[in-house]
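To keep things clear, I will list the structure first and then write my remarks on it.
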Amino acid sequence: VPWVAACTIFDPTSFGYFHTFLTEYLAATFFTVGVAVVAWVYQRADLKPRQRFVVDIAIGLLTVAAYHVKQPYVAASLLPLLVAMSLERNASAILKWGQSLLTSIVLLAASIVVWNAFLPTTGKAGNSKRMTGALVANNLAATCIRGATGVFRDTDSNIDVCRDFAADARDTSQIASFVPAACTDAHLTTTEAIKLCGVSVCEKPFGVMIEIAHGLARLWAIGSPTATTEHFAIAHRVFRIGPAVPAVFPMPDDLRRGVESYSQTGASAGAIVSPLRFVAPASIAIHSTCSVISALLCAVALFRRLLSTVELSAPWRVLAITSTTATGFCLGLSILGTTIDRYAYPVFPLTVVTVALACIIAVRGLGARFGWAQQDEK
């Protein structure tokens with residue numbers, strides 16, 4: 001829908017991220033393309049096997065590209081595929097989506113093997129603490145500790161966890177046995193993290209759910225002062241660049257060497273940027289509102305799918321794919337404890353599409369109910 005694209009393109013936050021040297025603009029592109037391709041295929045049951053194979057390869061290459069930009073971005077293609085598969089009722093169609101999913105996983109695994117074989121030849125060893133498995137394990141552990149004890153819900157300091165854990169976890173002795181590893185450089189193994197999560201969920205299920213809900217609120221910038229959000233600090237920085245606000249963030253010398261070729265002075269605002277500066281504060285509220293509405297519509301769409309004995313209509317199918325992909329990605333980030341609002345930006349265009357689709361569905365429904373369509377035809 002052209003006006004939906006315009007709303008996203010001229011959104012101040014989107015404008016800022018697409019003019020910032022970070023990965024969010026690439027991720028937003030990956031998610032938009034991934035969902036668009038899956039939604040298109042979902043509407044094309046007449047695709048020939050050769051055409052479907054080409055599409056599967058394209059989705060697989062998108063998965064590979066997204067993963068090697070940043071691992072969580074594999075959700076840009078894998079989540080829409082899983083949603084499309086779950087919406088199907090025909091065994092043959094489910095099998096085709098399974099084939100698409102398997103193709104993406106195989107290509108991704110092959111790319112990881114090739115990369116891991118290539119990396120040693122460069123003389124640079126990977127950081128084991130930054131490997132996917134290690135990050136997932138320790139992020140899960142941190143989320144579970146926060147949920148089970150309520151410690152450092154409003155701060156990211158592991159020191160606070162260690163200092164206050166004994167007082168807050170008197171009745172969680174099993175969890176306490178893992179805390180020393182979680183609060184030191186030793187890091188938890190994947191097995192230890194899974195065990196910790198199981199114990200936390202069994203002993204403090206509501207605490208874990210509350211922590212996940214808090215994470216979603218942080219991702220959607222709900223209740224956060226505008227000045228404390230990274231949408232304001234980073235995306236909206238383009239509207240404040242000047243002598244007092246350099247274009248490149250302060251950073252250690254070893255990191256600065258990698259970006260020293262980039263100019264540290266910003267260009268003048270120009271005719272396009274000036275109007276966006278005035279509506280920038282409202283942009284964060286729009287992001288929050290669209291995210292919450294998208295999550296509610298996700299629940300409605302999945303509820304309709306479970307209760308309905310017939311296929312969802314085309315608009316509802318697309319809405320289910322966009323809303324579930326956006327909400328599922330944010331839910332995953334919250335579970336893993338990566339709850340900076342900037343991380344949720346890549347799915348913002350999907351939330352805008354979801355809200356737009358909901359409006360279209362509502363207008364059509366009212367038109368059918370009150371006979372507006374018939375009047376228009378006359």
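Just remember, in the structure tokens the first chain shown is A, the second B, etc., residues are 1-based per chain, and ligands are 1-based in the order shown.
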
Would you kindly return, as a PyMOL selection string, each protein, DNA or RNA residue with an atom no farther than 12 Å from any atom of stretch 90-92 of chain A, considering only C-alpha atoms and excluding same-chain residues fewer than 6 positions away? chain A and resi 45+84+98-99+310-311

Please compute the atom CA of A:Phe303-atom CA of A:Ala326 distance, one decimal, in Å. 16.7 Å

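Interatomic distance, atom CA of A:Ala282 to atom CA of A:Val347: 18.2 Å.
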
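Take the candidates A:Leu336, A:Val64, A:Leu306, A:Ile321 and check each one against A:Val113 using only C-alpha atoms; the shortest distance goes to A:Val64.
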
Leaving out A:His236 and any residue of its chain fewer than 6 positions from it, which residues lie within 9 Å of it when counting only C-alpha atoms, given as a PDB file with C-alpha atoms, in the first residue's frame?
```pdb
ATOM      1  CA  PRO A  12      11.444  10.456  11.637  1.00  0.00           C
ATOM      2  CA  THR A  13      12.696   7.386  13.501  1.00  0.00           C
ATOM      3  CA  PHE A  15      14.646   8.264   8.548  1.00  0.00           C
ATOM      4  CA  GLY A  16      17.182   8.448  11.365  1.00  0.00           C
ATOM      5  CA  TYR A  17      18.018   4.750  11.427  1.00  0.00           C
ATOM      6  CA  GLU A 230      17.730   4.939  21.839  1.00  0.00           C
ATOM      7  CA  ARG A 277      12.353  17.338  13.332  1.00  0.00           C
ATOM      8  CA  ALA A 280      10.024  13.371  15.807  1.00  0.00           C
ATOM      9  CA  PRO A 281       8.757  13.302  19.426  1.00  0.00           C
TER      10      PRO A 281
END
```

Kindly indicate which residue among A:Phe18, A:Tyr73, A:Arg44, A:Arg342 lies nearest to A:Ala233, using only C-alpha atoms for the distances. A:Arg342

Using only C-alpha atoms, which residues sit within 8 Å of stretch 290-294 of chain A once same-chain residues fewer than 3 positions away are excluded, as a ChimeraX atom specification? /A:220,286-287,297-298,323,326-327,348,351-352,354-355

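Counting only C-alpha atoms, A:Val74 has the following residues at most 10 Å away, ignoring those fewer than 5 positions along the same chain: A:Ala27, A:Phe30, A:Phe31, A:Gly34, A:Gly60, A:Leu62, A:Thr63, A:Val64, A:Ala65, A:Ala66, A:Tyr67, A:His68, A:Val69, A:Leu79, A:Ser104, A:Ile105, A:Leu108, A:Phe329.
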